[in-house]
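> The file below is upload-v7.csv, CSV, C-alpha atoms and all ligand atoms:
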```csv
chain,number,residue,atom,x,y,z
A,1,MET,CA,5.2,44.3,18.8
A,2,LYS,CA,2.5,46.8,17.8
A,3,LYS,CA,2.1,44.9,14.5
A,4,HIS,CA,1.7,41.7,16.4
A,5,LEU,CA,-1.0,43.1,18.5
A,6,MET,CA,-2.8,44.5,15.5
A,7,ARG,CA,-2.7,41.0,13.9
A,8,MET,CA,-4.2,39.6,17.1
A,9,ALA,CA,-6.9,42.2,17.3
A,10,ALA,CA,-7.7,42.2,13.6
A,11,PRO,CA,-10.1,39.3,13.5
A,12,MET,CA,-12.2,40.7,16.4
A,13,ILE,CA,-12.4,44.1,14.8
A,14,ARG,CA,-13.4,42.6,11.5
A,15,ARG,CA,-16.1,40.6,13.2
A,16,LEU,CA,-17.5,43.7,14.8
A,17,MET,CA,-17.5,45.4,11.4
A,18,GLY,CA,-18.9,42.4,9.6
A,19,THR,CA,-16.3,42.3,6.9
A,20,PRO,CA,-14.5,39.1,5.9
A,21,SER,CA,-10.8,38.5,6.5
A,22,CYS,CA,-8.3,38.0,3.7
A,23,GLN,CA,-8.3,34.3,4.5
A,24,GLU,CA,-12.1,34.2,4.2
A,25,VAL,CA,-11.9,36.1,0.9
A,26,ASN,CA,-9.4,33.6,-0.3
A,27,SER,CA,-11.7,30.7,0.5
A,28,PHE,CA,-14.4,32.4,-1.7
A,29,LEU,CA,-12.0,33.1,-4.6
A,30,MET,CA,-13.3,30.4,-6.9
A,31,ASP,CA,-16.9,31.3,-6.3
A,32,TYR,CA,-16.1,34.9,-6.9
A,33,VAL,CA,-14.4,34.1,-10.2
A,34,ASP,CA,-17.3,31.8,-11.2
A,35,GLU,CA,-19.8,34.4,-10.1
A,36,THR,CA,-21.7,31.9,-7.9
A,37,LEU,CA,-21.5,33.9,-4.7
A,38,ASP,CA,-24.8,35.1,-3.2
A,39,ALA,CA,-25.4,38.9,-3.5
A,40,GLU,CA,-24.7,39.6,0.1
A,41,THR,CA,-21.4,37.7,0.3
A,42,SER,CA,-20.4,39.2,-3.1
A,43,GLU,CA,-21.0,42.7,-1.7
A,44,ARG,CA,-18.9,42.1,1.4
A,45,TYR,CA,-16.2,40.6,-0.8
A,46,ARG,CA,-16.1,43.6,-3.1
A,47,LYS,CA,-16.0,46.0,-0.1
A,48,HIS,CA,-12.9,44.1,1.2
A,49,LEU,CA,-11.3,44.2,-2.2
A,50,GLY,CA,-11.9,47.9,-2.4
A,51,ARG,CA,-9.7,48.4,0.7
A,52,CYS,CA,-7.2,45.6,0.4
A,53,GLY,CA,-4.4,45.8,-2.1
A,54,THR,CA,-3.1,42.3,-1.2
A,55,CYS,CA,-6.4,40.6,-1.9
A,56,THR,CA,-6.8,42.6,-5.1
A,57,SER,CA,-3.4,41.6,-6.4
A,58,TYR,CA,-3.9,38.0,-5.4
A,59,LEU,CA,-7.2,37.9,-7.2
A,60,GLU,CA,-5.6,39.3,-10.3
A,61,GLN,CA,-2.8,36.7,-10.2
A,62,TYR,CA,-5.4,34.0,-9.7
A,63,GLN,CA,-7.4,35.1,-12.7
A,64,ASP,CA,-4.2,35.4,-14.8
A,65,THR,CA,-3.2,31.9,-13.8
A,66,ILE,CA,-6.5,30.6,-15.2
A,67,LYS,CA,-6.0,32.6,-18.4
A,68,LEU,CA,-2.5,31.3,-18.8
A,69,ALA,CA,-3.7,27.7,-18.3
A,70,ARG,CA,-6.4,28.3,-20.9
A,71,GLU,CA,-3.8,29.5,-23.4
A,72,CYS,CA,-2.0,26.1,-23.1
A,73,ARG,CA,-4.7,24.3,-25.1
A,74,ASP,CA,-3.0,23.2,-28.2
A,75,SER,CA,-5.0,22.3,-31.2
A,76,GLU,CA,-2.4,20.2,-33.0
A,77,LEU,CA,-3.1,16.5,-33.1
A,78,PRO,CA,-0.2,14.2,-34.2
A,79,SER,CA,-0.6,13.8,-37.9
A,80,ASP,CA,-2.5,10.8,-39.0
A,81,LEU,CA,-3.5,9.9,-35.5
A,82,VAL,CA,-7.2,9.9,-36.4
A,83,GLU,CA,-6.6,7.7,-39.4
A,84,HIS,CA,-4.4,5.4,-37.5
A,85,THR,CA,-7.0,5.1,-34.8
A,86,LEU,CA,-9.7,4.3,-37.3
A,87,ALA,CA,-7.5,1.6,-38.9
A,88,PHE,CA,-6.7,0.2,-35.4
A,89,LEU,CA,-10.5,0.0,-34.7
A,90,LYS,CA,-11.2,-1.4,-38.2
A,91,ASP,CA,-8.7,-4.2,-37.5
A,92,ARG,CA,-10.7,-5.1,-34.4
A,93,GLY,CA,-14.0,-5.1,-36.1
A,94,VAL,CA,-15.3,-1.8,-34.8
A,95,THR,CA,-15.6,0.5,-37.9
A,96,SER,CA,-16.0,-0.7,-41.4
B,1,MET,CA,-32.7,5.8,-38.5
B,2,ALA,CA,-31.0,8.2,-40.9
B,3,THR,CA,-27.7,7.0,-42.2
B,4,LYS,CA,-24.9,9.6,-42.3
B,5,GLY,CA,-22.3,9.6,-44.9
B,6,LYS,CA,-18.9,10.0,-43.3
B,7,SER,CA,-18.1,13.1,-45.2
B,8,THR,CA,-21.0,15.0,-43.5
B,9,SER,CA,-19.8,14.6,-39.9
B,10,GLN,CA,-18.1,17.7,-38.5
B,11,PRO,CA,-16.5,18.3,-35.2
B,12,GLY,CA,-19.1,19.8,-32.8
B,13,ASP,CA,-22.0,17.9,-34.4
B,14,PRO,CA,-24.2,16.3,-31.9
B,15,LEU,CA,-23.4,12.6,-31.5
B,16,ASP,CA,-26.0,10.1,-32.6
B,17,VAL,CA,-25.9,8.2,-29.3
B,18,GLU,CA,-28.7,5.8,-30.4
B,19,ALA,CA,-26.7,4.7,-33.4
B,20,LEU,CA,-23.5,4.5,-31.3
B,21,LEU,CA,-25.2,2.2,-28.8
B,22,ALA,CA,-26.5,0.0,-31.6
B,23,GLY,CA,-22.9,-0.5,-32.6
B,24,ASP,CA,-23.2,1.5,-35.8
B,25,GLY,CA,-19.7,1.7,-37.4
B,26,ALA,CA,-20.3,5.1,-39.1
B,27,ALA,CA,-21.5,6.7,-35.9
B,28,PHE,CA,-18.4,5.3,-34.1
B,29,GLU,CA,-16.2,6.8,-36.8
B,30,GLN,CA,-17.8,10.1,-36.3
B,31,LEU,CA,-17.2,9.8,-32.5
B,32,VAL,CA,-13.5,9.2,-33.2
B,33,ARG,CA,-13.2,12.1,-35.6
B,34,GLN,CA,-15.0,14.4,-33.3
B,35,GLU,CA,-13.5,13.6,-29.9
B,36,SER,CA,-9.9,12.6,-30.8
B,37,PRO,CA,-8.3,16.0,-30.5
B,38,ARG,CA,-9.7,16.7,-27.0
B,39,LEU,CA,-9.4,13.2,-25.7
B,40,PHE,CA,-5.8,13.1,-26.9
B,41,ARG,CA,-5.0,16.4,-25.1
B,42,VAL,CA,-6.5,15.2,-21.9
B,43,ILE,CA,-4.7,11.8,-21.9
B,44,ASN,CA,-1.5,13.4,-22.9
B,45,ARG,CA,-1.7,15.9,-20.0
B,46,VAL,CA,-2.0,12.9,-17.6
B,47,VAL,CA,0.8,10.8,-19.0
B,48,ASN,CA,3.1,13.5,-20.5
B,49,ASP,CA,4.1,11.2,-23.3
B,50,GLU,CA,2.7,11.6,-26.9
B,51,ASP,CA,3.3,8.1,-28.1
B,52,GLU,CA,1.8,6.6,-25.0
B,53,ALA,CA,-1.1,9.0,-25.1
B,54,ALA,CA,-1.8,8.0,-28.8
B,55,SER,CA,-1.9,4.3,-28.0
B,56,LEU,CA,-4.0,4.9,-24.8
B,57,MET,CA,-6.5,6.9,-26.9
B,58,GLN,CA,-6.9,4.0,-29.3
B,59,GLU,CA,-7.4,1.6,-26.4
B,60,THR,CA,-10.0,4.0,-25.0
B,61,PHE,CA,-12.1,3.9,-28.1
B,62,LEU,CA,-11.8,0.1,-28.3
B,63,GLN,CA,-12.8,-0.4,-24.7
B,64,ALA,CA,-15.7,2.0,-25.1
B,65,TYR,CA,-16.9,0.0,-28.1
B,66,GLN,CA,-16.6,-3.3,-26.2
B,67,ARG,CA,-18.4,-1.9,-23.2
B,68,LEU,CA,-21.2,0.0,-24.9
B,69,ASP,CA,-23.7,-2.1,-23.0
B,70,THR,CA,-22.4,-0.7,-19.7
B,71,PHE,CA,-23.3,2.9,-20.7
B,72,ARG,CA,-26.4,3.7,-18.6
B,73,GLY,CA,-27.2,7.1,-19.9
B,74,GLU,CA,-26.9,8.9,-16.5
B,75,ALA,CA,-24.0,10.8,-17.9
B,76,LYS,CA,-23.3,12.3,-21.3
B,77,PHE,CA,-21.8,9.8,-23.7
B,78,THR,CA,-18.6,11.8,-23.9
B,79,THR,CA,-18.3,12.0,-20.1
B,80,TRP,CA,-18.5,8.2,-20.0
B,81,LEU,CA,-15.9,8.0,-22.8
B,82,TYR,CA,-13.5,10.4,-21.0
B,83,ALA,CA,-13.9,8.5,-17.7
B,84,ILE,CA,-12.6,5.4,-19.5
B,85,GLY,CA,-9.7,7.3,-21.1
B,86,ILE,CA,-8.7,9.0,-17.8
B,87,ASN,CA,-8.7,5.7,-16.0
B,88,LEU,CA,-6.5,4.1,-18.6
B,89,ALA,CA,-4.1,7.0,-18.5
B,90,ARG,CA,-3.8,6.9,-14.7
B,91,GLY,CA,-3.3,3.1,-14.8
B,92,SER,CA,-0.5,3.6,-17.3
B,93,LEU,CA,1.1,6.3,-15.2
B,94,ARG,CA,1.0,4.0,-12.1
B,95,LYS,CA,2.6,1.2,-14.1
B,96,SER,CA,5.3,3.4,-15.4
B,97,ARG,CA,6.1,4.6,-11.9
B,98,ARG,CA,6.9,8.0,-13.3
B,99,LEU,CA,6.3,10.3,-10.3
B,100,SER,CA,5.2,14.0,-10.7
B,101,PRO,CA,8.0,16.3,-9.7
B,102,LEU,CA,5.8,17.8,-6.9
B,103,ASP,CA,4.0,15.9,-4.2
B,104,GLU,CA,1.1,16.7,-2.0
B,105,ALA,CA,3.3,18.3,0.6
B,106,ALA,CA,4.8,20.6,-2.0
B,107,VAL,CA,1.3,21.6,-3.1
B,108,GLU,CA,0.5,22.4,0.5
B,109,ARG,CA,3.6,24.5,0.8
B,110,MET,CA,2.5,26.5,-2.2
B,111,GLN,CA,-0.8,27.5,-0.7
B,112,PRO,CA,-0.9,31.1,0.7
B,113,GLU,CA,-0.1,31.5,4.3
B,114,PHE,CA,-2.2,33.5,6.7
B,115,SER,CA,-1.6,35.0,10.1
B,116,GLY,CA,-4.5,36.5,11.9
B,117,GLY,CA,-6.6,36.2,8.8
B,118,MET,CA,-4.1,38.2,6.7
B,119,TYR,CA,-1.7,37.1,4.0
B,120,VAL,CA,1.8,36.6,5.3
B,121,ASP,CA,3.3,37.4,1.9
B,122,HIS,CA,2.1,40.3,-0.2
B,123,ALA,CA,1.3,39.5,-3.8
B,124,GLU,CA,2.2,42.1,-6.4
B,125,THR,CA,0.0,42.3,-9.5
B,126,TRP,CA,1.8,40.7,-12.4
B,127,ASN,CA,3.0,43.3,-14.8
B,128,PRO,CA,1.0,42.8,-18.0
B,129,HIS,CA,3.9,43.9,-20.2
B,130,ARG,CA,6.2,41.5,-18.5
B,131,LEU,CA,3.6,38.8,-19.0
B,132,ALA,CA,3.1,39.6,-22.6
B,133,GLU,CA,6.8,39.7,-23.3
B,134,LEU,CA,7.6,36.5,-21.4
B,135,SER,CA,9.2,34.4,-24.1
B,136,GLN,CA,8.2,30.8,-24.2
B,137,ARG,CA,5.2,31.6,-22.0
B,138,ARG,CA,3.2,28.6,-23.2
B,139,GLU,CA,6.1,26.3,-22.6
B,140,LEU,CA,6.6,27.8,-19.1
B,141,VAL,CA,2.9,27.2,-18.2
B,142,HIS,CA,3.0,23.8,-19.8
B,143,GLN,CA,6.0,22.8,-17.7
B,144,ALA,CA,4.4,24.2,-14.5
B,145,ILE,CA,1.2,22.2,-15.1
B,146,ALA,CA,3.3,19.0,-15.8
B,147,GLN,CA,4.9,19.4,-12.3
B,148,LEU,CA,1.7,19.2,-10.4
B,149,PRO,CA,0.7,15.9,-8.9
B,150,GLU,CA,-1.7,13.9,-11.1
B,151,ASP,CA,-4.9,14.6,-9.1
B,152,TYR,CA,-4.3,18.3,-9.5
B,153,ARG,CA,-3.0,18.2,-13.1
B,154,VAL,CA,-6.1,16.4,-14.2
B,155,VAL,CA,-8.6,18.9,-12.7
B,156,VAL,CA,-6.6,21.9,-14.2
B,157,THR,CA,-6.7,20.1,-17.5
B,158,LEU,CA,-10.4,19.4,-17.5
B,159,ARG,CA,-11.7,22.6,-15.9
B,160,ASP,CA,-9.2,25.3,-16.9
B,161,ILE,CA,-7.7,24.1,-20.1
B,162,GLU,CA,-10.6,22.3,-21.6
B,163,GLU,CA,-13.3,24.3,-19.8
B,164,ILE,CA,-15.5,21.3,-19.0
B,165,ARG,CA,-18.2,21.9,-16.3
B,166,THR,CA,-17.5,20.9,-12.7
B,167,GLU,CA,-20.4,18.4,-12.7
B,168,GLU,CA,-19.1,16.6,-15.7
B,169,VAL,CA,-15.5,16.6,-14.4
B,170,ALA,CA,-16.8,15.1,-11.1
B,171,ARG,CA,-18.5,12.3,-13.1
B,172,MET,CA,-15.4,11.7,-15.2
B,173,LEU,CA,-13.2,11.4,-12.1
B,174,ASP,CA,-15.9,9.7,-10.0
B,175,VAL,CA,-15.6,12.2,-7.1
B,176,SER,CA,-18.0,14.8,-5.7
B,177,ASN,CA,-18.4,18.3,-7.1
B,178,GLY,CA,-16.9,19.6,-3.9
B,179,ALA,CA,-13.8,17.5,-4.3
B,180,VAL,CA,-13.3,18.9,-7.8
B,181,ARG,CA,-13.6,22.4,-6.5
B,182,VAL,CA,-11.2,22.0,-3.6
B,183,ARG,CA,-8.6,20.3,-5.8
B,184,LEU,CA,-9.0,23.0,-8.5
B,185,HIS,CA,-8.6,25.8,-6.0
B,186,ARG,CA,-5.4,24.3,-4.5
B,187,ALA,CA,-4.1,23.5,-8.0
B,188,ARG,CA,-4.6,27.0,-9.2
B,189,GLN,CA,-2.9,28.4,-6.1
B,190,ALA,CA,0.1,26.1,-6.5
B,191,LEU,CA,0.3,27.0,-10.2
B,192,ARG,CA,0.1,30.7,-9.3
B,193,LYS,CA,3.0,30.2,-7.0
B,194,LEU,CA,5.1,28.3,-9.6
B,195,LEU,CA,4.4,31.0,-12.2
B,196,ASP,CA,5.0,33.9,-9.8
B,197,SER,CA,8.7,32.9,-9.5
B,198,HIS,CA,9.1,33.4,-13.2
B,199,ILE,CA,6.9,36.4,-13.7
B,200,SER,CA,7.7,38.6,-10.7
B,201,ASN,CA,11.5,38.8,-11.0
C,1,ZN,ZN,-7.5,41.2,2.0
```
What does the file become when written as structure tokens?

Amino acid sequence: MKKHLMRMAAPMIRRLMGTPSCQEVNSFLMDYVDETLDAETSERYRKHLGRCGTCTSYLEQYQDTIKLARECRDSELPSDLVEHTLAFLKDRGVTS
Amino acid sequence: MATKGKSTSQPGDPLDVEALLAGDGAAFEQLVRQESPRLFRVINRVVNDEDEAASLMQETFLQAYQRLDTFRGEAKFTTWLYAIGINLARGSLRKSRRLSPLDEAAVERMQPEFSGGMYVDHAETWNPHRLAELSQRRELVHQAIAQLPEDYRVVVTLRDIEEIRTEEVARMLDVSNGAVRVRLHRARQALRKLLDSHISN
């Protein structure tokens, strides 16, 4: 019950203190990662992160997700695909 | 106009757009050599079928050549080329009726939940050792991306895998920058959730 009351009161307390909620921080995640937040919002965000383990962990997972996706870029092209494509185009009068 | 021998073109060279638009065969060959790897990867992420992706890529180059007069120069030439390729890939996917394992509702369920502005579930930082030791990590991530609905898969592919700028991705998909950003954020969060089940336990 006490926890429930805390949750109800939390947004009001935060507003009074001028710090964003975890939900607001979440909505700024992409801008934070891209470093496109204005200085003031960025500062409020950092303050929140400094005190909130959940947001800090979530941010790390979010950044790890981006890194893992990036690792997925494979460089192998099926062999001869370029040559086949050039032959395909040549047959249709594109390349000589 | 300088003529370029085909042996001199290297991936990453700036494209000779003027020569391309004039229908110069050598310039078009350079385009094919330079853009094939990335264009193939993008199309293959959409259709998840290498043979189909290969034939769609050939069709993309052919259509681009046939429609050179519709290139208006508002976008980069490659952006225009990729828009053609992505459209063809999506058309093929629709025709094949192969549905992505996850739908919009599933993506919604994988977004974090909040109560009173706070996370309902508490995330734990992924253990870096566990992450490093995870065998078949690439395959796991590859599979997770393949499960996402097409709209999400394509933005993750273009923005996060290929690192193409938001503005260009928006032009390729013919949507606003804001739409790209919203989809990307939702896609990353869904992907995070999918990966979390493999990494956290
Ligand atoms: Zn927080």
> So how far away is atom CA of B:His185 from atom CA of B:Val120, in Å?
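One can read the atom CA of B:Val120 to atom CA of B:His185 distance as 18.8 Å.
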> At a cut-off of 7 Å and counting only C-alpha atoms and all ligand atoms, what residues surround ligand ZN 1 (chain C)? Please answer as a PDB file with C-alpha atoms, in the coordinates of the input.

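Contents of the output file part.pdb:
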```pdb
ATOM      1  CA  SER A  21     -10.800  38.500   6.500  1.00  0.00           C
ATOM      2  CA  CYS A  22      -8.300  38.000   3.700  1.00  0.00           C
ATOM      3  CA  VAL A  25     -11.900  36.100   0.900  1.00  0.00           C
ATOM      4  CA  HIS A  48     -12.900  44.100   1.200  1.00  0.00           C
ATOM      5  CA  LEU A  49     -11.300  44.200  -2.200  1.00  0.00           C
ATOM      6  CA  CYS A  52      -7.200  45.600   0.400  1.00  0.00           C
ATOM      7  CA  GLY A  53      -4.400  45.800  -2.100  1.00  0.00           C
ATOM      8  CA  THR A  54      -3.100  42.300  -1.200  1.00  0.00           C
ATOM      9  CA  CYS A  55      -6.400  40.600  -1.900  1.00  0.00           C
TER      10      CYS A  55
ATOM     11  CA  MET B 118      -4.100  38.200   6.700  1.00  0.00           C
TER      12      MET B 118
END
```
> Just the residues within 7 Å of B:Asp160, please, counting all atoms listed in the file, with nothing from its chain fewer than 3 positions along; format it as a ChimeraX atom specification.
/A:66,69-70 /B:156-157,163
> Which residues of chain A come within 9 Å of chain B, and what is each one's closest atom pair and distance in Å (one decimal), counting all atoms listed in the file, sorted by chain and residue number, as JSON lines?

```
{"residue": "A:Met6", "atom": "CA", "partner": "B:Gly116", "partner_atom": "CA", "distance": 8.9}
{"residue": "A:Arg7", "atom": "CA", "partner": "B:Gly116", "partner_atom": "CA", "distance": 5.2}
{"residue": "A:Met8", "atom": "CA", "partner": "B:Gly116", "partner_atom": "CA", "distance": 6.1}
{"residue": "A:Ala9", "atom": "CA", "partner": "B:Gly116", "partner_atom": "CA", "distance": 8.2}
{"residue": "A:Ala10", "atom": "CA", "partner": "B:Gly116", "partner_atom": "CA", "distance": 6.8}
{"residue": "A:Pro11", "atom": "CA", "partner": "B:Gly116", "partner_atom": "CA", "distance": 6.5}
{"residue": "A:Pro20", "atom": "CA", "partner": "B:Gly117", "partner_atom": "CA", "distance": 8.9}
{"residue": "A:Ser21", "atom": "CA", "partner": "B:Gly117", "partner_atom": "CA", "distance": 5.3}
{"residue": "A:Cys22", "atom": "CA", "partner": "B:Met118", "partner_atom": "CA", "distance": 5.2}
{"residue": "A:Gln23", "atom": "CA", "partner": "B:Gly117", "partner_atom": "CA", "distance": 5.0}
{"residue": "A:Glu24", "atom": "CA", "partner": "B:Gly117", "partner_atom": "CA", "distance": 7.4}
{"residue": "A:Asn26", "atom": "CA", "partner": "B:Pro112", "partner_atom": "CA", "distance": 8.9}
{"residue": "A:Ser27", "atom": "CA", "partner": "B:His185", "partner_atom": "CA", "distance": 8.7}
{"residue": "A:Leu29", "atom": "CA", "partner": "B:His185", "partner_atom": "CA", "distance": 8.2}
{"residue": "A:Met30", "atom": "CA", "partner": "B:His185", "partner_atom": "CA", "distance": 6.6}
{"residue": "A:Gly53", "atom": "CA", "partner": "B:Ala123", "partner_atom": "CA", "distance": 8.7}
{"residue": "A:Thr54", "atom": "CA", "partner": "B:His122", "partner_atom": "CA", "distance": 5.7}
{"residue": "A:Cys55", "atom": "CA", "partner": "B:Ala123", "partner_atom": "CA", "distance": 8.0}
{"residue": "A:Thr56", "atom": "CA", "partner": "B:Thr125", "partner_atom": "CA", "distance": 8.1}
{"residue": "A:Ser57", "atom": "CA", "partner": "B:Thr125", "partner_atom": "CA", "distance": 4.7}
{"residue": "A:Tyr58", "atom": "CA", "partner": "B:Ala123", "partner_atom": "CA", "distance": 5.6}
{"residue": "A:Leu59", "atom": "CA", "partner": "B:Thr125", "partner_atom": "CA", "distance": 8.7}
{"residue": "A:Glu60", "atom": "CA", "partner": "B:Thr125", "partner_atom": "CA", "distance": 6.4}
{"residue": "A:Gln61", "atom": "CA", "partner": "B:Thr125", "partner_atom": "CA", "distance": 6.3}
{"residue": "A:Tyr62", "atom": "CA", "partner": "B:Arg192", "partner_atom": "CA", "distance": 6.4}
{"residue": "A:Asp64", "atom": "CA", "partner": "B:Trp126", "partner_atom": "CA", "distance": 8.4}
{"residue": "A:Thr65", "atom": "CA", "partner": "B:Arg192", "partner_atom": "CA", "distance": 5.7}
{"residue": "A:Ile66", "atom": "CA", "partner": "B:Asp160", "partner_atom": "CA", "distance": 6.2}
{"residue": "A:Lys67", "atom": "CA", "partner": "B:Asp160", "partner_atom": "CA", "distance": 8.1}
{"residue": "A:Leu68", "atom": "CA", "partner": "B:Val141", "partner_atom": "CA", "distance": 6.8}
{"residue": "A:Ala69", "atom": "CA", "partner": "B:Ile161", "partner_atom": "CA", "distance": 5.7}
{"residue": "A:Arg70", "atom": "CA", "partner": "B:Ile161", "partner_atom": "CA", "distance": 4.5}
{"residue": "A:Glu71", "atom": "CA", "partner": "B:Arg138", "partner_atom": "CA", "distance": 7.1}
{"residue": "A:Cys72", "atom": "CA", "partner": "B:Arg138", "partner_atom": "CA", "distance": 5.8}
{"residue": "A:Arg73", "atom": "CA", "partner": "B:Ile161", "partner_atom": "CA", "distance": 5.8}
{"residue": "A:Asp74", "atom": "CA", "partner": "B:Arg41", "partner_atom": "CA", "distance": 7.7}
{"residue": "A:Ser75", "atom": "CA", "partner": "B:Pro37", "partner_atom": "CA", "distance": 7.1}
{"residue": "A:Glu76", "atom": "CA", "partner": "B:Pro37", "partner_atom": "CA", "distance": 7.7}
{"residue": "A:Leu77", "atom": "CA", "partner": "B:Pro37", "partner_atom": "CA", "distance": 5.8}
{"residue": "A:Pro78", "atom": "CA", "partner": "B:Glu50", "partner_atom": "CA", "distance": 8.3}
{"residue": "A:Leu81", "atom": "CA", "partner": "B:Ala54", "partner_atom": "CA", "distance": 7.2}
{"residue": "A:Val82", "atom": "CA", "partner": "B:Arg33", "partner_atom": "CA", "distance": 6.4}
{"residue": "A:Glu83", "atom": "CA", "partner": "B:Arg33", "partner_atom": "CA", "distance": 8.8}
{"residue": "A:His84", "atom": "CA", "partner": "B:Gln58", "partner_atom": "CA", "distance": 8.7}
{"residue": "A:Thr85", "atom": "CA", "partner": "B:Gln58", "partner_atom": "CA", "distance": 5.6}
{"residue": "A:Leu86", "atom": "CA", "partner": "B:Glu29", "partner_atom": "CA", "distance": 7.0}
{"residue": "A:Phe88", "atom": "CA", "partner": "B:Gln58", "partner_atom": "CA", "distance": 7.2}
{"residue": "A:Leu89", "atom": "CA", "partner": "B:Leu62", "partner_atom": "CA", "distance": 6.5}
{"residue": "A:Arg92", "atom": "CA", "partner": "B:Leu62", "partner_atom": "CA", "distance": 8.1}
{"residue": "A:Gly93", "atom": "CA", "partner": "B:Gly25", "partner_atom": "CA", "distance": 9.0}
{"residue": "A:Val94", "atom": "CA", "partner": "B:Gly25", "partner_atom": "CA", "distance": 6.2}
{"residue": "A:Thr95", "atom": "CA", "partner": "B:Gly25", "partner_atom": "CA", "distance": 4.3}
{"residue": "A:Ser96", "atom": "CA", "partner": "B:Gly25", "partner_atom": "CA", "distance": 6.0}
```
> Between atom CA of B:Asp103 and atom CA of B:Val155, what is the distance in Å, rounded to a tenth?
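Distance between the two atoms: 15.5 Å.
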> Would you mind reading off the distance between atom CA of B:Leu15 and atom CA of B:Thr78, one decimal, in Å?
9.0 Å
> Smallest atom-to-atom distance to B:Arg109: which of B:Ala187, B:Ala146, B:Ala22, B:Ala170, using only C-alpha atoms?
B:Ala187
